[in-house]
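Each remark here refers to the structure printed beneath this line.
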Amino acid sequence: MSELLNAEAIKQVDDQRMETVAVPEWQGKVNVRNLTNEESTEFEQFCTDCRKNGKINLKGVKVALVVRAACDDCRAPIFGKDDAAWLEKKSGAALNRVFQAAQRINGFTKTDIEELAGNS
């Protein structure tokens, strides 16, 4: 069994993950990283804000997570929030690949997102 951790031990652990996703529609690969707690909370708030008449308005949710999770080899974001508008017009299959990887690495399920939006 693992040892009991203290704050200093937790502070020293590198708990950041990244995976590379093949995106044939874009003729290459995209790195996807786990979000920090702050970024994750921001994404959860975005989902909550997508409520419309008690149901989730999924427009923008995929892109919102992709924008936050897609990164370069140094884990720096490759997209800014201003990129969301043109990303919405890219291949749905390509965005799904990156979105699903971002969901997986961040532990977000479809049900989680729907619950955040009050559509459970």
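Labels for the structure tokens follow display order: chains A, B, ..., residues from 1 in each chain, ligands from 1.
Those residues that approach region 95-109 of chain A to within 7 Å, counting only C-alpha atoms, are Val21, Val23, Val32, Arg33, Asn34, Leu35, Lys62, Leu65, Val66, Ala69, Ser91, Gly92, Asp112 and Ile113 of chain A; same-chain residues fewer than 3 positions away are not listed.
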Would you output that residue set with C-alpha atoms, as a compact mmCIF listing (two decimals), in the first residue's frame?
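Ended up saving to out_30.txt:
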```txt
# COMPACT_ATOMS: atom_id res chain seq x y z
CA VAL A 21 -4.44 11.93 -30.59
CA VAL A 23 -6.58 13.39 -36.24
CA VAL A 32 -4.43 16.77 -25.18
CA ARG A 33 -3.68 17.46 -21.52
CA ASN A 34 -5.53 17.19 -18.27
CA LEU A 35 -6.85 20.49 -16.97
CA LYS A 62 -17.07 20.29 -27.37
CA LEU A 65 -13.13 21.57 -23.79
CA VAL A 66 -10.90 21.22 -26.87
CA ALA A 69 -7.17 20.84 -23.34
CA SER A 91 -14.84 18.67 -39.04
CA GLY A 92 -17.18 17.21 -36.44
CA ASP A 112 -21.21 14.49 -16.12
CA ILE A 113 -21.60 17.28 -18.67
```
Fewer than 4 positions away in the same chain doesn't count, so skip those; otherwise give me all residues within 8 Å of Gly60 (chain A), counting only C-alpha atoms, as a ChimeraX atom specification.
/A:64,84,88
Would you export the selected residues with N, CA and C atoms as a PDB file, in the first residue's frame, please?
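File produced: result.pdb:
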```pdb
ATOM      1  N   ALA A  64     -15.330  24.121 -26.335  1.00  0.00           N
ATOM      2  CA  ALA A  64     -14.839  24.710 -25.078  1.00  0.00           C
ATOM      3  C   ALA A  64     -13.827  23.795 -24.396  1.00  0.00           C
ATOM      4  N   ALA A  84     -12.478  29.662 -30.819  1.00  0.00           N
ATOM      5  CA  ALA A  84     -13.682  28.821 -30.718  1.00  0.00           C
ATOM      6  C   ALA A  84     -14.598  28.985 -31.928  1.00  0.00           C
ATOM      7  N   GLU A  88     -15.607  25.766 -34.422  1.00  0.00           N
ATOM      8  CA  GLU A  88     -16.981  25.260 -34.572  1.00  0.00           C
ATOM      9  C   GLU A  88     -17.268  24.845 -36.014  1.00  0.00           C
TER      10      GLU A  88
END
```
All strand (DSSP E or B) residues (DSSP, backbone) inside region 5-80 of chain A, as a PyMOL selection string
chain A and resi 18-23+28-33+51-52+55-56+70-71+77
For the selection you just gave me, I'd like the residues written to a file as a compact mmCIF listing (two decimals), in the first residue's frame, keeping all heavy atoms.
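out_24.txt, freshly written:
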```
# COMPACT_ATOMS: atom_id res chain seq x y z
N MET A 18 -0.67 13.92 -20.38
CA MET A 18 -0.89 14.37 -21.74
C MET A 18 -0.90 13.14 -22.64
O MET A 18 -0.18 12.18 -22.39
CB MET A 18 0.25 15.33 -22.15
CG MET A 18 0.10 15.93 -23.53
SD MET A 18 1.30 17.24 -23.85
CE MET A 18 2.85 16.36 -23.80
N GLU A 19 -1.73 13.17 -23.65
CA GLU A 19 -1.71 12.11 -24.66
C GLU A 19 -1.84 12.73 -26.03
O GLU A 19 -2.33 13.84 -26.17
CB GLU A 19 -2.78 11.05 -24.40
CG GLU A 19 -4.19 11.47 -24.60
CD GLU A 19 -5.18 10.35 -24.32
OE1 GLU A 19 -5.22 9.83 -23.19
OE2 GLU A 19 -5.92 9.98 -25.25
N THR A 20 -1.36 12.01 -27.01
CA THR A 20 -1.40 12.48 -28.39
C THR A 20 -2.49 11.74 -29.14
O THR A 20 -2.59 10.51 -29.04
CB THR A 20 -0.02 12.26 -29.06
OG1 THR A 20 0.96 12.96 -28.28
CG2 THR A 20 -0.01 12.81 -30.47
N VAL A 21 -3.30 12.49 -29.86
CA VAL A 21 -4.44 11.93 -30.59
C VAL A 21 -4.21 12.12 -32.08
O VAL A 21 -3.92 13.22 -32.54
CB VAL A 21 -5.74 12.69 -30.20
CG1 VAL A 21 -6.94 12.12 -30.93
CG2 VAL A 21 -5.94 12.68 -28.71
N ALA A 22 -4.32 11.02 -32.83
CA ALA A 22 -4.25 11.11 -34.29
C ALA A 22 -5.55 11.72 -34.80
O ALA A 22 -6.64 11.30 -34.41
CB ALA A 22 -4.04 9.72 -34.89
N VAL A 23 -5.41 12.73 -35.65
CA VAL A 23 -6.58 13.39 -36.24
C VAL A 23 -6.37 13.40 -37.75
O VAL A 23 -5.88 14.36 -38.33
CB VAL A 23 -6.75 14.83 -35.69
CG1 VAL A 23 -8.07 15.42 -36.18
CG2 VAL A 23 -6.69 14.84 -34.17
N GLY A 28 -2.73 15.12 -39.15
CA GLY A 28 -1.69 15.16 -38.12
C GLY A 28 -2.19 14.69 -36.77
O GLY A 28 -3.15 13.93 -36.69
N LYS A 29 -1.54 15.15 -35.73
CA LYS A 29 -1.85 14.75 -34.36
C LYS A 29 -2.01 15.99 -33.50
O LYS A 29 -1.46 17.05 -33.79
CB LYS A 29 -0.71 13.90 -33.80
CG LYS A 29 -0.48 12.61 -34.57
CD LYS A 29 0.72 11.88 -34.05
CE LYS A 29 0.98 10.65 -34.90
NZ LYS A 29 2.19 9.94 -34.49
N VAL A 30 -2.75 15.82 -32.40
CA VAL A 30 -2.96 16.90 -31.43
C VAL A 30 -2.69 16.35 -30.04
O VAL A 30 -3.16 15.26 -29.70
CB VAL A 30 -4.41 17.45 -31.51
CG1 VAL A 30 -4.67 18.49 -30.43
CG2 VAL A 30 -4.70 18.02 -32.89
N ASN A 31 -1.93 17.09 -29.25
CA ASN A 31 -1.73 16.74 -27.85
C ASN A 31 -2.93 17.23 -27.04
O ASN A 31 -3.45 18.32 -27.29
CB ASN A 31 -0.47 17.40 -27.28
CG ASN A 31 0.79 16.78 -27.79
OD1 ASN A 31 0.85 15.61 -28.13
ND2 ASN A 31 1.84 17.58 -27.87
N VAL A 32 -3.34 16.42 -26.08
CA VAL A 32 -4.43 16.77 -25.18
C VAL A 32 -3.92 16.56 -23.76
O VAL A 32 -3.29 15.55 -23.46
CB VAL A 32 -5.67 15.88 -25.44
CG1 VAL A 32 -6.77 16.19 -24.46
CG2 VAL A 32 -6.16 16.06 -26.86
N ARG A 33 -4.17 17.53 -22.89
CA ARG A 33 -3.68 17.46 -21.52
C ARG A 33 -4.83 17.49 -20.54
O ARG A 33 -5.94 17.91 -20.87
CB ARG A 33 -2.76 18.64 -21.24
CG ARG A 33 -3.48 19.97 -21.28
CD ARG A 33 -2.52 21.13 -21.01
NE ARG A 33 -3.20 22.40 -21.09
CZ ARG A 33 -3.88 22.96 -20.09
NH1 ARG A 33 -3.95 22.37 -18.92
NH2 ARG A 33 -4.48 24.12 -20.25
N ARG A 51 -27.17 26.09 -19.80
CA ARG A 51 -28.56 25.71 -19.57
C ARG A 51 -29.50 26.62 -20.36
O ARG A 51 -29.31 27.81 -20.43
CB ARG A 51 -28.91 25.84 -18.09
CG ARG A 51 -28.26 24.83 -17.23
CD ARG A 51 -28.66 25.02 -15.81
NE ARG A 51 -27.76 24.20 -14.98
CZ ARG A 51 -27.80 24.19 -13.69
NH1 ARG A 51 -28.65 24.94 -13.04
NH2 ARG A 51 -26.97 23.42 -13.01
N LYS A 52 -30.49 25.97 -20.93
CA LYS A 52 -31.53 26.71 -21.64
C LYS A 52 -32.82 25.94 -21.43
O LYS A 52 -32.93 24.79 -21.84
CB LYS A 52 -31.19 26.80 -23.12
CG LYS A 52 -31.80 27.98 -23.81
CD LYS A 52 -31.22 28.11 -25.20
CE LYS A 52 -31.19 29.59 -25.52
NZ LYS A 52 -30.57 29.86 -26.79
N LYS A 55 -32.48 22.43 -20.11
CA LYS A 55 -31.74 21.45 -20.91
C LYS A 55 -30.44 22.06 -21.38
O LYS A 55 -30.33 23.27 -21.54
CB LYS A 55 -32.57 20.99 -22.10
CG LYS A 55 -33.83 20.27 -21.69
CD LYS A 55 -34.37 19.47 -22.83
CE LYS A 55 -35.54 18.66 -22.30
NZ LYS A 55 -35.68 17.43 -22.98
N ILE A 56 -29.47 21.19 -21.63
CA ILE A 56 -28.17 21.68 -22.07
C ILE A 56 -28.23 22.12 -23.52
O ILE A 56 -28.88 21.48 -24.35
CB ILE A 56 -27.07 20.62 -21.86
CG1 ILE A 56 -25.70 21.24 -22.12
CG2 ILE A 56 -27.29 19.41 -22.75
CD1 ILE A 56 -24.54 20.37 -21.69
N ALA A 70 -6.32 21.12 -25.63
CA ALA A 70 -5.33 20.92 -26.71
C ALA A 70 -4.08 21.73 -26.39
O ALA A 70 -4.17 22.89 -25.97
CB ALA A 70 -5.92 21.33 -28.05
N CYS A 71 -2.92 21.11 -26.57
CA CYS A 71 -1.68 21.78 -26.16
C CYS A 71 -0.50 21.37 -27.04
O CYS A 71 -0.58 20.42 -27.80
CB CYS A 71 -1.38 21.44 -24.70
SG CYS A 71 -1.05 19.69 -24.39
N PRO A 77 -1.30 25.84 -24.14
CA PRO A 77 -2.47 25.78 -25.02
C PRO A 77 -2.12 26.18 -26.45
O PRO A 77 -1.33 27.09 -26.67
CB PRO A 77 -3.43 26.80 -24.40
CG PRO A 77 -2.97 26.98 -23.00
CD PRO A 77 -1.49 26.75 -23.01
```
Running DSSP on the backbone, which parts of chain A land in alpha helix (DSSP H), as an MDAnalysis selection string?
chainID A and resid 7:12 37:49 61:69 84:87 92:106 110:116
Counting only C-alpha atoms, which residue out of A:Gly80, A:Thr111, A:Ala94, A:Ile10 sits closest to Trp26 (chain A)?
A:Ala94
Between A:Lys90, A:Asn6, A:Cys74, A:Arg68, single out the one closest to Thr36 (chain A), counting only C-alpha atoms.
A:Arg68
Calculate how many Å separate CA of Ala7 (chain A) from CA of Arg75 (chain A), rounding to one decimal.
24.3 Å
